[in-house]
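K.L.:
For reference, this is work.cif, and it has mmCIF, C-alpha atoms.
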data_work
#
loop_
_atom_site.label_atom_id
_atom_site.label_comp_id
_atom_site.auth_asym_id
_atom_site.auth_seq_id
_atom_site.Cartn_x
_atom_site.Cartn_y
_atom_site.Cartn_z
CA MET T 26 -46.80 29.36 21.95
CA THR T 27 -45.54 26.43 19.82
CA PRO T 28 -47.80 23.75 18.30
CA THR T 29 -46.48 21.15 20.77
CA GLU T 30 -47.48 23.41 23.67
CA ARG T 31 -51.04 23.81 22.35
CA THR T 32 -51.55 20.03 21.96
CA PRO T 33 -51.01 17.46 24.74
CA VAL T 34 -47.79 15.54 24.21
CA SER T 35 -48.47 11.99 23.09
CA HIS T 36 -45.13 11.08 21.52
CA ASP T 37 -41.60 12.15 22.47
CA VAL T 38 -38.98 12.20 19.71
CA VAL T 39 -35.51 12.68 21.21
CA LEU T 40 -32.60 13.72 19.00
CA VAL T 41 -29.21 12.92 20.54
CA GLY T 42 -26.52 15.03 18.91
CA GLY T 43 -26.65 18.25 16.91
CA GLY T 44 -25.36 16.90 13.60
CA HIS T 45 -26.40 17.80 10.05
CA CYS T 46 -29.40 15.46 9.97
CA HIS T 47 -30.88 16.68 13.23
CA VAL T 48 -30.60 20.30 12.15
CA GLN T 49 -32.79 19.38 9.18
CA VAL T 50 -35.24 17.50 11.41
CA MET T 51 -35.68 20.49 13.73
CA THR T 52 -36.32 22.83 10.81
CA ALA T 53 -38.67 20.47 8.97
CA PHE T 54 -40.89 19.75 11.98
CA ALA T 55 -41.11 23.46 12.80
CA MET T 56 -42.38 24.09 9.28
CA ARG T 57 -44.84 21.19 9.36
CA PRO T 58 -45.46 20.00 12.93
CA VAL T 59 -47.03 16.70 13.94
CA PRO T 60 -49.78 17.29 16.51
CA GLY T 61 -48.92 15.74 19.85
CA MET T 62 -45.27 15.16 18.98
CA ARG T 63 -42.63 16.82 21.15
CA LEU T 64 -39.12 17.23 19.76
CA THR T 65 -36.14 17.32 22.15
CA LEU T 66 -32.50 17.92 21.23
CA VAL T 67 -29.83 16.51 23.56
CA THR T 68 -26.39 18.01 22.91
CA ASP T 69 -23.19 18.72 24.82
CA ARG T 70 -22.32 21.71 22.62
CA LEU T 71 -24.44 24.70 21.73
CA VAL T 72 -22.83 25.38 18.36
CA THR T 73 -22.07 22.74 15.77
CA PRO T 74 -19.68 23.06 12.82
CA TYR T 75 -20.88 22.48 9.29
CA SER T 76 -18.18 20.12 8.01
CA GLY T 77 -18.68 21.07 4.36
CA MET T 78 -17.33 24.53 5.17
CA LEU T 79 -14.25 23.28 7.06
CA PRO T 80 -11.84 23.44 4.08
CA GLY T 81 -12.99 26.97 3.27
CA HIS T 82 -12.54 28.03 6.88
CA LEU T 83 -9.04 26.53 7.05
CA ALA T 84 -8.17 28.36 3.84
CA GLY T 85 -9.39 31.60 5.40
CA HIS T 86 -12.52 32.10 3.28
CA TYR T 87 -15.05 31.74 6.14
CA SER T 88 -14.90 32.93 9.72
CA ARG T 89 -15.41 30.58 12.66
CA ALA T 90 -18.91 32.00 13.23
CA GLU T 91 -19.89 31.59 9.58
CA MET T 92 -19.17 27.84 9.58
CA HIS T 93 -21.08 27.09 12.79
CA ILE T 94 -24.78 26.56 13.45
CA ASP T 95 -26.13 28.04 16.69
CA LEU T 96 -28.11 25.12 18.10
CA ALA T 97 -29.58 27.08 21.01
CA ARG T 98 -30.92 29.74 18.66
CA LEU T 99 -32.23 27.10 16.27
CA ALA T 100 -33.96 25.26 19.10
CA ARG T 101 -35.72 28.46 20.18
CA ALA T 102 -36.73 29.29 16.62
CA THR T 103 -38.13 25.80 15.94
CA GLY T 104 -39.80 25.20 19.31
CA THR T 105 -37.48 22.30 20.08
CA ARG T 106 -36.88 21.48 23.74
CA LEU T 107 -33.12 21.71 24.39
CA ILE T 108 -31.19 19.69 26.95
CA PHE T 109 -27.59 20.87 27.23
CA ALA T 110 -25.87 17.72 28.49
CA ALA T 111 -23.75 14.82 27.26
CA ALA T 112 -25.59 11.54 26.77
CA THR T 113 -23.67 8.61 28.27
CA GLY T 114 -25.85 5.66 27.36
CA LEU T 115 -29.26 4.18 26.64
CA ASP T 116 -31.64 2.02 28.61
CA ARG T 117 -33.50 0.52 25.69
CA ALA T 118 -35.75 -1.59 27.88
CA ALA T 119 -36.98 1.54 29.67
CA LYS T 120 -36.63 3.64 26.46
CA SER T 121 -34.52 6.29 28.17
CA VAL T 122 -31.39 8.30 27.43
CA LEU T 123 -28.84 8.15 30.26
CA PHE T 124 -26.64 10.94 31.62
CA ALA T 125 -23.83 11.16 34.16
CA ASP T 126 -25.35 13.92 36.26
CA ARG T 127 -29.08 14.15 35.56
CA PRO T 128 -32.11 11.81 35.55
CA PRO T 129 -32.79 9.61 32.51
CA LEU T 130 -34.78 11.17 29.68
CA PRO T 131 -37.67 9.03 28.34
CA TYR T 132 -38.28 8.70 24.62
CA ASP T 133 -40.83 7.07 22.36
CA THR T 134 -38.60 7.45 19.31
CA LEU T 135 -34.87 8.15 19.42
CA SER T 136 -32.42 9.35 16.78
CA LEU T 137 -28.64 9.27 17.16
CA ASN T 138 -26.49 11.77 15.24
CA ILE T 139 -23.41 11.95 17.47
CA GLY T 140 -20.51 11.83 15.03
CA ILE T 141 -17.19 10.06 15.48
CA THR T 142 -14.01 10.47 17.47
CA PRO T 143 -10.43 9.87 16.31
CA ASP T 144 -8.98 6.39 16.63
CA LEU T 145 -5.21 6.80 16.74
CA SER T 146 -4.63 3.83 19.01
CA THR T 147 -2.85 1.79 16.32
CA ILE T 148 -0.23 4.49 15.63
CA GLU T 149 2.45 4.85 18.29
CA GLY T 150 2.82 8.41 19.52
CA ALA T 151 -0.07 9.76 17.43
CA GLU T 152 -2.18 10.97 20.32
CA ARG T 153 0.77 12.81 21.88
CA HIS T 154 2.41 14.25 18.77
CA GLY T 155 -0.45 14.43 16.26
CA VAL T 156 -3.55 16.58 15.75
CA ALA T 157 -6.76 14.73 14.86
CA VAL T 158 -9.19 16.43 12.48
CA LYS T 159 -12.23 14.85 14.17
CA PRO T 160 -14.05 16.01 16.15
CA ILE T 161 -13.93 19.32 14.30
CA SER T 162 -14.79 21.39 17.38
CA SER T 163 -11.56 20.47 19.18
CA PHE T 164 -9.50 20.43 15.97
CA LEU T 165 -10.21 24.09 15.18
CA ALA T 166 -8.59 25.37 18.38
CA ARG T 167 -5.47 23.28 17.77
CA PHE T 168 -5.31 24.37 14.13
CA ASP T 169 -5.46 28.02 15.16
CA ALA T 170 -2.65 27.39 17.66
CA LEU T 171 -0.52 25.82 14.92
CA LEU T 172 -1.04 28.81 12.61
CA HIS T 173 -0.17 31.21 15.42
CA ALA T 174 3.00 29.26 16.17
CA ALA T 175 3.92 29.22 12.47
CA ARG T 176 4.31 33.00 12.57
CA ARG T 177 7.27 32.71 14.92
CA ALA T 178 10.80 32.32 13.61
CA ASP T 179 11.09 29.08 15.58
CA GLY T 180 7.59 27.85 14.73
CA PRO T 181 6.55 24.86 12.58
CA ARG T 182 7.63 24.91 8.96
CA ARG T 183 6.97 21.34 7.77
CA PHE T 184 3.28 20.32 7.87
CA LEU T 185 2.20 16.78 7.10
CA ILE T 186 -1.36 15.52 6.69
CA VAL T 187 -1.87 11.78 7.18
CA GLY T 188 -4.79 10.38 5.19
CA GLY T 189 -5.36 10.24 1.45
CA GLY T 190 -9.14 10.47 1.39
CA ALA T 191 -11.09 13.49 0.22
CA ALA T 192 -10.85 15.14 3.65
CA GLY T 193 -7.08 14.78 3.83
CA VAL T 194 -6.66 16.22 0.33
CA GLU T 195 -8.96 19.16 1.10
CA ILE T 196 -7.12 19.96 4.33
CA ALA T 197 -3.71 19.82 2.64
CA CYS T 198 -4.82 22.14 -0.16
CA SER T 199 -6.57 24.53 2.24
CA LEU T 200 -3.56 24.76 4.53
CA ARG T 201 -1.19 25.37 1.60
CA SER T 202 -3.48 28.11 0.26
CA ARG T 203 -3.71 29.75 3.68
CA LEU T 204 0.07 29.78 4.13
CA ASN T 205 0.62 31.15 0.62
CA ARG T 206 -1.77 34.01 1.25
CA GLU T 207 -0.94 34.98 4.82
CA ALA T 208 2.78 34.30 5.25
CA GLY T 209 3.74 37.59 3.66
CA GLY T 210 1.73 39.45 6.27
CA TRP T 211 3.72 37.62 8.95
CA GLY T 212 6.95 38.83 7.39
CA THR T 213 7.77 35.31 6.18
CA ASP T 214 8.39 33.94 2.70
CA PRO T 215 5.64 31.35 1.97
CA THR T 216 8.18 29.03 0.39
CA VAL T 217 9.78 28.31 3.78
CA TYR T 218 6.67 26.26 4.59
CA THR T 219 6.08 22.81 3.17
CA VAL T 220 2.82 20.88 3.17
CA GLY T 221 2.87 17.16 2.49
CA LEU T 222 0.23 14.45 2.25
CA VAL T 223 0.92 10.83 3.15
CA SER T 224 -1.28 7.81 2.55
CA GLY T 225 -0.95 4.07 2.74
CA ALA T 226 -3.37 3.70 -0.18
CA PRO T 227 -3.85 5.60 -3.45
CA LEU T 228 -5.35 9.07 -3.08
CA VAL T 229 -9.16 9.35 -3.01
CA PRO T 230 -9.54 5.71 -4.11
CA THR T 231 -13.36 5.75 -3.96
CA LEU T 232 -13.69 8.64 -6.44
CA ASN T 233 -13.74 8.28 -10.22
CA SER T 234 -10.68 8.58 -12.44
CA GLY T 235 -11.53 12.09 -13.64
CA VAL T 236 -11.72 13.43 -10.10
CA ARG T 237 -8.50 11.64 -9.16
CA LYS T 238 -6.71 13.36 -12.05
CA ARG T 239 -8.00 16.75 -10.92
CA VAL T 240 -6.86 16.01 -7.37
CA GLN T 241 -3.37 15.24 -8.62
CA ALA T 242 -3.34 18.45 -10.69
CA SER T 243 -4.45 20.55 -7.72
CA LEU T 244 -1.79 19.08 -5.45
CA LYS T 245 0.88 19.72 -8.08
CA ARG T 246 -0.29 23.30 -8.66
CA LEU T 247 -0.15 24.05 -4.94
CA ALA T 248 3.18 22.24 -4.47
CA VAL T 249 1.71 19.75 -2.00
CA GLU T 250 3.91 16.65 -2.16
CA ALA T 251 1.98 13.40 -1.85
CA THR T 252 3.70 10.24 -0.62
CA ILE T 253 1.70 7.10 -1.45
CA GLY T 254 2.22 3.61 -0.05
CA PHE T 255 3.50 5.01 3.24
CA ARG T 256 1.54 3.46 6.11
CA VAL T 257 2.29 5.48 9.23
CA ALA T 258 3.13 3.31 12.24
CA ARG T 259 4.79 5.78 14.59
CA VAL T 260 4.97 9.53 15.21
CA ASP T 261 7.40 11.55 17.31
CA GLU T 262 8.47 15.17 17.55
CA THR T 263 10.65 14.84 14.43
CA GLY T 264 8.15 13.31 12.01
CA VAL T 265 6.46 10.06 10.99
CA PHE T 266 7.79 6.54 10.52
CA ALA T 267 6.32 3.94 8.18
CA ALA T 268 5.81 0.32 9.13
CA ASP T 269 8.76 -0.57 6.85
CA GLY T 270 11.08 1.90 8.62
CA ARG T 271 10.93 4.83 6.17
CA PHE T 272 10.87 8.31 7.69
CA LEU T 273 9.32 11.65 6.72
CA PRO T 274 10.29 14.75 8.71
CA ALA T 275 7.52 17.00 10.05
CA ASP T 276 7.06 19.72 12.63
CA ALA T 277 3.25 19.30 12.74
CA VAL T 278 1.27 16.17 11.86
CA LEU T 279 -2.47 16.30 11.20
CA PHE T 280 -4.46 13.06 11.09
CA SER T 281 -7.45 12.67 8.79
CA THR T 282 -7.65 8.90 9.09
CA ALA T 283 -9.52 6.28 11.06
CA ALA T 284 -12.16 7.28 13.58
CA ARG T 285 -14.70 5.48 15.74
CA ALA T 286 -18.19 6.12 17.00
CA PRO T 287 -18.39 7.17 20.67
CA SER T 288 -17.47 4.32 23.00
CA TRP T 289 -20.70 4.38 25.00
CA LEU T 290 -22.58 2.91 22.06
CA SER T 291 -20.86 -0.41 22.78
CA GLU T 292 -22.85 -0.65 26.02
CA THR T 293 -26.27 -0.13 24.43
CA GLY T 294 -26.64 -3.60 22.95
CA LEU T 295 -27.29 -2.09 19.52
CA PRO T 296 -25.79 -3.98 16.56
CA LEU T 297 -22.50 -2.29 15.72
CA ALA T 298 -20.02 -2.36 12.84
CA ALA T 299 -16.28 -2.88 13.33
CA ASP T 300 -15.75 0.86 13.84
CA GLY T 301 -18.40 1.03 16.56
CA SER T 302 -21.07 2.67 14.39
CA VAL T 303 -24.70 1.57 14.62
CA LYS T 304 -25.87 -0.80 11.90
CA THR T 305 -29.16 0.33 10.39
CA ARG T 306 -31.67 -0.72 7.78
CA LEU T 307 -32.40 1.36 4.70
CA THR T 308 -35.05 3.09 6.83
CA LEU T 309 -32.20 4.37 9.08
CA GLN T 310 -33.62 2.34 11.98
CA ALA T 311 -31.31 0.11 14.01
CA LEU T 312 -31.35 -3.48 12.77
CA ASP T 313 -32.96 -4.73 15.97
CA ASP T 314 -34.95 -1.73 17.24
CA ASP T 315 -37.74 0.12 15.41
CA ALA T 316 -37.67 2.93 18.00
CA VAL T 317 -33.99 3.84 17.44
CA PHE T 318 -32.71 5.65 14.36
CA ALA T 319 -29.03 6.39 13.71
CA VAL T 320 -27.59 8.68 11.03
CA GLY T 321 -24.40 10.41 9.93
CA ASP T 322 -20.92 9.25 10.85
CA CYS T 323 -22.07 7.28 13.92
CA ALA T 324 -24.12 4.92 11.75
CA VAL T 325 -23.79 2.66 8.73
CA VAL T 326 -26.57 1.37 6.50
CA ALA T 327 -25.81 -2.34 6.53
CA GLU T 328 -27.08 -2.95 2.98
CA ASP T 329 -25.47 0.17 1.51
CA PRO T 330 -22.36 1.32 3.43
CA ARG T 331 -20.86 4.69 2.45
CA ASP T 332 -17.78 6.72 3.33
CA LYS T 333 -17.86 8.80 6.51
CA ALA T 334 -18.58 12.12 4.84
CA GLY T 335 -20.90 14.98 5.71
CA VAL T 336 -22.49 14.95 2.25
CA PHE T 337 -24.13 11.61 3.03
CA ALA T 338 -25.44 12.87 6.36
CA VAL T 339 -26.98 15.86 4.61
CA ARG T 340 -28.68 13.56 2.12
CA GLN T 341 -30.04 11.38 4.92
CA GLY T 342 -31.77 14.35 6.53
CA SER T 343 -34.89 14.39 4.35
CA ALA T 344 -35.28 10.60 4.61
CA LEU T 345 -34.96 10.78 8.39
CA VAL T 346 -37.64 13.47 8.55
CA GLU T 347 -40.13 11.44 6.55
CA ASN T 348 -39.39 8.20 8.41
CA LEU T 349 -39.78 9.90 11.78
CA ARG T 350 -43.16 11.19 10.62
#
Please express the file's structure as structure tokens.
P.N.:
Amino acid sequence: MTPTERTPVSHDVVLVGGGHCHVQVMTAFAMRPVPGMRLTLVTDRLVTPYSGMLPGHLAGHYSRAEMHIDLARLARATGTRLIFAAATGLDRAAKSVLFADRPPLPYDTLSLNIGITPDLSTIEGAERHGVAVKPISSFLARFDALLHAARRADGPRRFLIVGGGAAGVEIACSLRSRLNREAGGWGTDPTVYTVGLVSGAPLVPTLNSGVRKRVQASLKRLAVEATIGFRVARVDETGVFAADGRFLPADAVLFSTAARAPSWLSETGLPLAADGSVKTRLTLQALDDDAVFAVGDCAVVAEDPRDKAGVFAVRQGSALVENLR
């Protein structure tokens, strides 16, 4: 019997999304429960990837199972009520989470940790001919399919990653390392494969000069060719085209660029940033609603905006725990 079952429920905390922060919340409240508080996780997937392990998985260092967290098992272990369903909206007046095919779920306090989805709408042909890195769960299946196809004599040989941030660099290096190590086992010379990186801006512009130099050295060592100042405007089956008409050939194009928070947030009335993410205070509460917290990629601290990176979500976890308490 869990602590919440021994004490009458007086306050419902509902966690929407199984992201990094909510994993920490579930664990922390299991270790030190709050009498009368019931914790509920709402998620449309029962395993969640740990994004910090994605490059290692792509490079072949970790298995799929090793980089995923089993949310159902974690919920059982922590005494968290689990609702396996996709949230579709909020009724903030009634303080309820909405679903397409089940009754609303009441909350006293709500936390959103629902990630982001790719936004390729500004690049012609990207959705048809490209592979978006986010969300990771759908990207992994498409990445595996690309690697399987690359084993064939008529499979992809020229890989291009669009996006010069840290994620794009990590994916390019991981893919090059994977091809170098495994191509021989496929009966193929690794040098027949090329991996390129293209960015409209300088590489990893938010990182310090020392890190940028090490990034350049790593790309050179792995023979990943970076093309800077190339803003992709169109993609087709032959490659990518810049806004100024330049062309780079590619058999497979992976996008690690712009993404947006889930579209249903726009119907909640919450204050949103340009990318659809929820604007919060330093407390991680929505600017206009003390009962709603938002963390990770689907949120932005209005006074202190940061890059969309899992490391920041991990750091927010302990703050979210204490503020929920």
K.L.:
Between T:Ala344, T:Leu165, T:Ala175, T:Leu115, which one has atoms that come closest to T:Thr213, using all atoms listed in the file?
P.N.:
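Among the listed residues, T:Ala175 lies closest to T:Thr213.
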K.L.:
For the structure provided, state which residues fall under the PyMOL selection byres ((chain T and resi 140-144) around 7), and present them as a ChimeraX atom specification.
P.N.:
/T:138-139,145-146,157,159-160,283-287,321-323
K.L.:
Please produce an output containing C-alpha atoms for each residue in the selection, written as a PDB file, in the frame of the given file.
P.N.:
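File written: part29.pdb
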ATOM      1  CA  ASN T 138     -26.490  11.770  15.240  1.00  0.00           C
ATOM      2  CA  ILE T 139     -23.410  11.950  17.470  1.00  0.00           C
ATOM      3  CA  LEU T 145      -5.210   6.800  16.740  1.00  0.00           C
ATOM      4  CA  SER T 146      -4.630   3.830  19.010  1.00  0.00           C
ATOM      5  CA  ALA T 157      -6.760  14.730  14.860  1.00  0.00           C
ATOM      6  CA  LYS T 159     -12.230  14.850  14.170  1.00  0.00           C
ATOM      7  CA  PRO T 160     -14.050  16.010  16.150  1.00  0.00           C
ATOM      8  CA  ALA T 283      -9.520   6.280  11.060  1.00  0.00           C
ATOM      9  CA  ALA T 284     -12.160   7.280  13.580  1.00  0.00           C
ATOM     10  CA  ARG T 285     -14.700   5.480  15.740  1.00  0.00           C
ATOM     11  CA  ALA T 286     -18.190   6.120  17.000  1.00  0.00           C
ATOM     12  CA  PRO T 287     -18.390   7.170  20.670  1.00  0.00           C
ATOM     13  CA  GLY T 321     -24.400  10.410   9.930  1.00  0.00           C
ATOM     14  CA  ASP T 322     -20.920   9.250  10.850  1.00  0.00           C
ATOM     15  CA  CYS T 323     -22.070   7.280  13.920  1.00  0.00           C
TER      16      CYS T 323
END
K.L.:
Evaluating the PyMOL selection byres ((chain T and resi 297-303) around 7) on the displayed file yields which residues, as a PDB file with C-alpha atoms, in the coordinates of the input?
P.N.:
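Saved the output as part15.pdb:
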ATOM      1  CA  ARG T 285     -14.700   5.480  15.740  1.00  0.00           C
ATOM      2  CA  ALA T 286     -18.190   6.120  17.000  1.00  0.00           C
ATOM      3  CA  SER T 291     -20.860  -0.410  22.780  1.00  0.00           C
ATOM      4  CA  LEU T 295     -27.290  -2.090  19.520  1.00  0.00           C
ATOM      5  CA  PRO T 296     -25.790  -3.980  16.560  1.00  0.00           C
ATOM      6  CA  LYS T 304     -25.870  -0.800  11.900  1.00  0.00           C
ATOM      7  CA  THR T 305     -29.160   0.330  10.390  1.00  0.00           C
ATOM      8  CA  ALA T 311     -31.310   0.110  14.010  1.00  0.00           C
ATOM      9  CA  ALA T 319     -29.030   6.390  13.710  1.00  0.00           C
ATOM     10  CA  CYS T 323     -22.070   7.280  13.920  1.00  0.00           C
ATOM     11  CA  ALA T 324     -24.120   4.920  11.750  1.00  0.00           C
ATOM     12  CA  VAL T 325     -23.790   2.660   8.730  1.00  0.00           C
TER      13      VAL T 325
END
K.L.:
Using only C-alpha atoms, which of the listed residues (T:Ala151, T:Thr52, T:Pro128, T:Leu232) sits closest to T:Asp332?
P.N.:
T:Leu232
K.L.:
How many Å separate atom CA of T:Ala277 from atom CA of T:His93?
P.N.:
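So the answer is 25.5 Å.
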K.L.:
Between atom CA of T:Arg206 and atom CA of T:His86, what is the distance in Å, rounded to a tenth?
P.N.:
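Atom CA of T:His86 lies at a distance of 11.1 Å from atom CA of T:Arg206.
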K.L.:
Given the PyMOL selection byres ((chain T and resi 108) around 8) and the file above, list the residues it selects as a ChimeraX atom specification.
P.N.:
/T:65-68,106-107,109-110
K.L.:
Nearest to T:Leu99: which of T:Gly209, T:Gly235, T:Pro129, T:Gly43 is it, counting only C-alpha atoms?
P.N.:
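Residue with the minimum atom-to-atom distance to T:Leu99: T:Gly43.
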K.L.:
Just checking: using all atoms listed in the file, which residue out of T:Pro230, T:Pro181, T:Gly61, T:Gly188 ends up closest to T:Tyr218?
P.N.:
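Under the stated criterion, the closest residue is T:Pro181.
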K.L.:
Could you jot down the atom CA of T:Asp313 to atom CA of T:Val34 separation for me, Å, one decimal place?
P.N.:
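Computing it gives 26.4 Å between the two atoms.
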K.L.:
Just checking: using all atoms listed in the file, which residue out of T:Leu79, T:Met92, T:Leu135, T:Ala242 ends up closest to T:Gly193?
P.N.:
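That would be T:Leu79, the residue with the smallest distance to T:Gly193.
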K.L.:
Nearest to T:Val260 among T:Val156, T:Ala248, T:Leu200, T:Leu345, with distances taken over all atoms listed in the file: which residue is it?
P.N.:
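For T:Val260, the nearest of the candidates is T:Val156.
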K.L.:
If I only want stretch 140-149 of chain T, can you write it with all heavy atoms, as a PDB file, in the first residue's frame?
P.N.:
ATOM      1  N   GLY T 140       7.421  18.074 -24.362  1.00  0.00           N
ATOM      2  CA  GLY T 140       8.368  18.104 -25.472  1.00  0.00           C
ATOM      3  C   GLY T 140       7.961  18.999 -26.620  1.00  0.00           C
ATOM      4  O   GLY T 140       7.107  19.882 -26.489  1.00  0.00           O
ATOM      5  N   ILE T 141       8.578  18.760 -27.766  1.00  0.00           N
ATOM      6  CA  ILE T 141       8.345  19.548 -28.974  1.00  0.00           C
ATOM      7  C   ILE T 141       8.206  18.627 -30.173  1.00  0.00           C
ATOM      8  O   ILE T 141       8.581  17.451 -30.127  1.00  0.00           O
ATOM      9  CB  ILE T 141       9.498  20.552 -29.223  1.00  0.00           C
ATOM     10  CG1 ILE T 141      10.868  19.850 -29.148  1.00  0.00           C
ATOM     11  CG2 ILE T 141       9.430  21.708 -28.256  1.00  0.00           C
ATOM     12  CD1 ILE T 141      12.046  20.758 -29.396  1.00  0.00           C
ATOM     13  N   THR T 142       7.669  19.177 -31.231  1.00  0.00           N
ATOM     14  CA  THR T 142       7.516  18.447 -32.486  1.00  0.00           C
ATOM     15  C   THR T 142       8.207  19.228 -33.592  1.00  0.00           C
ATOM     16  O   THR T 142       8.348  20.451 -33.497  1.00  0.00           O
ATOM     17  CB  THR T 142       6.029  18.252 -32.832  1.00  0.00           C
ATOM     18  OG1 THR T 142       5.400  19.544 -32.908  1.00  0.00           O
ATOM     19  CG2 THR T 142       5.331  17.421 -31.777  1.00  0.00           C
ATOM     20  N   PRO T 143       8.659  18.570 -34.653  1.00  0.00           N
ATOM     21  CA  PRO T 143       9.390  19.278 -35.701  1.00  0.00           C
ATOM     22  C   PRO T 143       8.524  20.309 -36.402  1.00  0.00           C
ATOM     23  O   PRO T 143       7.324  20.120 -36.581  1.00  0.00           O
ATOM     24  CB  PRO T 143       9.808  18.155 -36.667  1.00  0.00           C
ATOM     25  CG  PRO T 143       8.837  17.059 -36.413  1.00  0.00           C
ATOM     26  CD  PRO T 143       8.503  17.141 -34.956  1.00  0.00           C
ATOM     27  N   ASP T 144       9.138  21.411 -36.787  1.00  0.00           N
ATOM     28  CA  ASP T 144       8.457  22.446 -37.562  1.00  0.00           C
ATOM     29  C   ASP T 144       9.222  22.646 -38.869  1.00  0.00           C
ATOM     30  O   ASP T 144      10.148  23.454 -38.946  1.00  0.00           O
ATOM     31  CB  ASP T 144       8.387  23.746 -36.765  1.00  0.00           C
ATOM     32  CG  ASP T 144       7.653  24.845 -37.517  1.00  0.00           C
ATOM     33  OD1 ASP T 144       6.938  24.511 -38.479  1.00  0.00           O
ATOM     34  OD2 ASP T 144       7.785  26.024 -37.143  1.00  0.00           O
ATOM     35  N   LEU T 145       8.845  21.863 -39.871  1.00  0.00           N
ATOM     36  CA  LEU T 145       9.522  21.919 -41.169  1.00  0.00           C
ATOM     37  C   LEU T 145       8.679  22.648 -42.206  1.00  0.00           C
ATOM     38  O   LEU T 145       8.951  22.568 -43.402  1.00  0.00           O
ATOM     39  CB  LEU T 145       9.822  20.491 -41.650  1.00  0.00           C
ATOM     40  CG  LEU T 145      10.641  19.619 -40.690  1.00  0.00           C
ATOM     41  CD1 LEU T 145      10.865  18.239 -41.296  1.00  0.00           C
ATOM     42  CD2 LEU T 145      11.970  20.276 -40.349  1.00  0.00           C
ATOM     43  N   SER T 146       7.687  23.386 -41.721  1.00  0.00           N
ATOM     44  CA  SER T 146       6.723  24.005 -42.634  1.00  0.00           C
ATOM     45  C   SER T 146       7.346  25.080 -43.515  1.00  0.00           C
ATOM     46  O   SER T 146       6.811  25.388 -44.584  1.00  0.00           O
ATOM     47  CB  SER T 146       5.562  24.607 -41.835  1.00  0.00           C
ATOM     48  OG  SER T 146       6.039  25.573 -40.901  1.00  0.00           O
ATOM     49  N   THR T 147       8.463  25.660 -43.100  1.00  0.00           N
ATOM     50  CA  THR T 147       9.070  26.737 -43.888  1.00  0.00           C
ATOM     51  C   THR T 147      10.034  26.217 -44.946  1.00  0.00           C
ATOM     52  O   THR T 147      10.568  27.011 -45.722  1.00  0.00           O
ATOM     53  CB  THR T 147       9.821  27.715 -42.968  1.00  0.00           C
ATOM     54  OG1 THR T 147      10.867  27.018 -42.289  1.00  0.00           O
ATOM     55  CG2 THR T 147       8.873  28.336 -41.945  1.00  0.00           C
ATOM     56  N   ILE T 148      10.284  24.899 -44.971  1.00  0.00           N
ATOM     57  CA  ILE T 148      11.223  24.320 -45.931  1.00  0.00           C
ATOM     58  C   ILE T 148      10.451  23.426 -46.905  1.00  0.00           C
ATOM     59  O   ILE T 148       9.916  22.384 -46.498  1.00  0.00           O
ATOM     60  CB  ILE T 148      12.328  23.516 -45.225  1.00  0.00           C
ATOM     61  CG1 ILE T 148      13.076  24.421 -44.234  1.00  0.00           C
ATOM     62  CG2 ILE T 148      13.292  22.905 -46.233  1.00  0.00           C
ATOM     63  CD1 ILE T 148      14.102  23.689 -43.397  1.00  0.00           C
ATOM     64  N   GLU T 149      10.394  23.817 -48.125  1.00  0.00           N
ATOM     65  CA  GLU T 149       9.632  23.075 -49.141  1.00  0.00           C
ATOM     66  C   GLU T 149      10.174  21.652 -49.293  1.00  0.00           C
ATOM     67  O   GLU T 149      11.371  21.439 -49.453  1.00  0.00           O
ATOM     68  CB  GLU T 149       9.710  23.805 -50.483  1.00  0.00           C
ATOM     69  CG  GLU T 149       8.928  23.145 -51.596  1.00  0.00           C
ATOM     70  CD  GLU T 149       9.111  23.839 -52.932  1.00  0.00           C
ATOM     71  OE1 GLU T 149       9.629  24.980 -52.938  1.00  0.00           O
ATOM     72  OE2 GLU T 149       8.756  23.245 -53.976  1.00  0.00           O
TER      73      GLU T 149
END
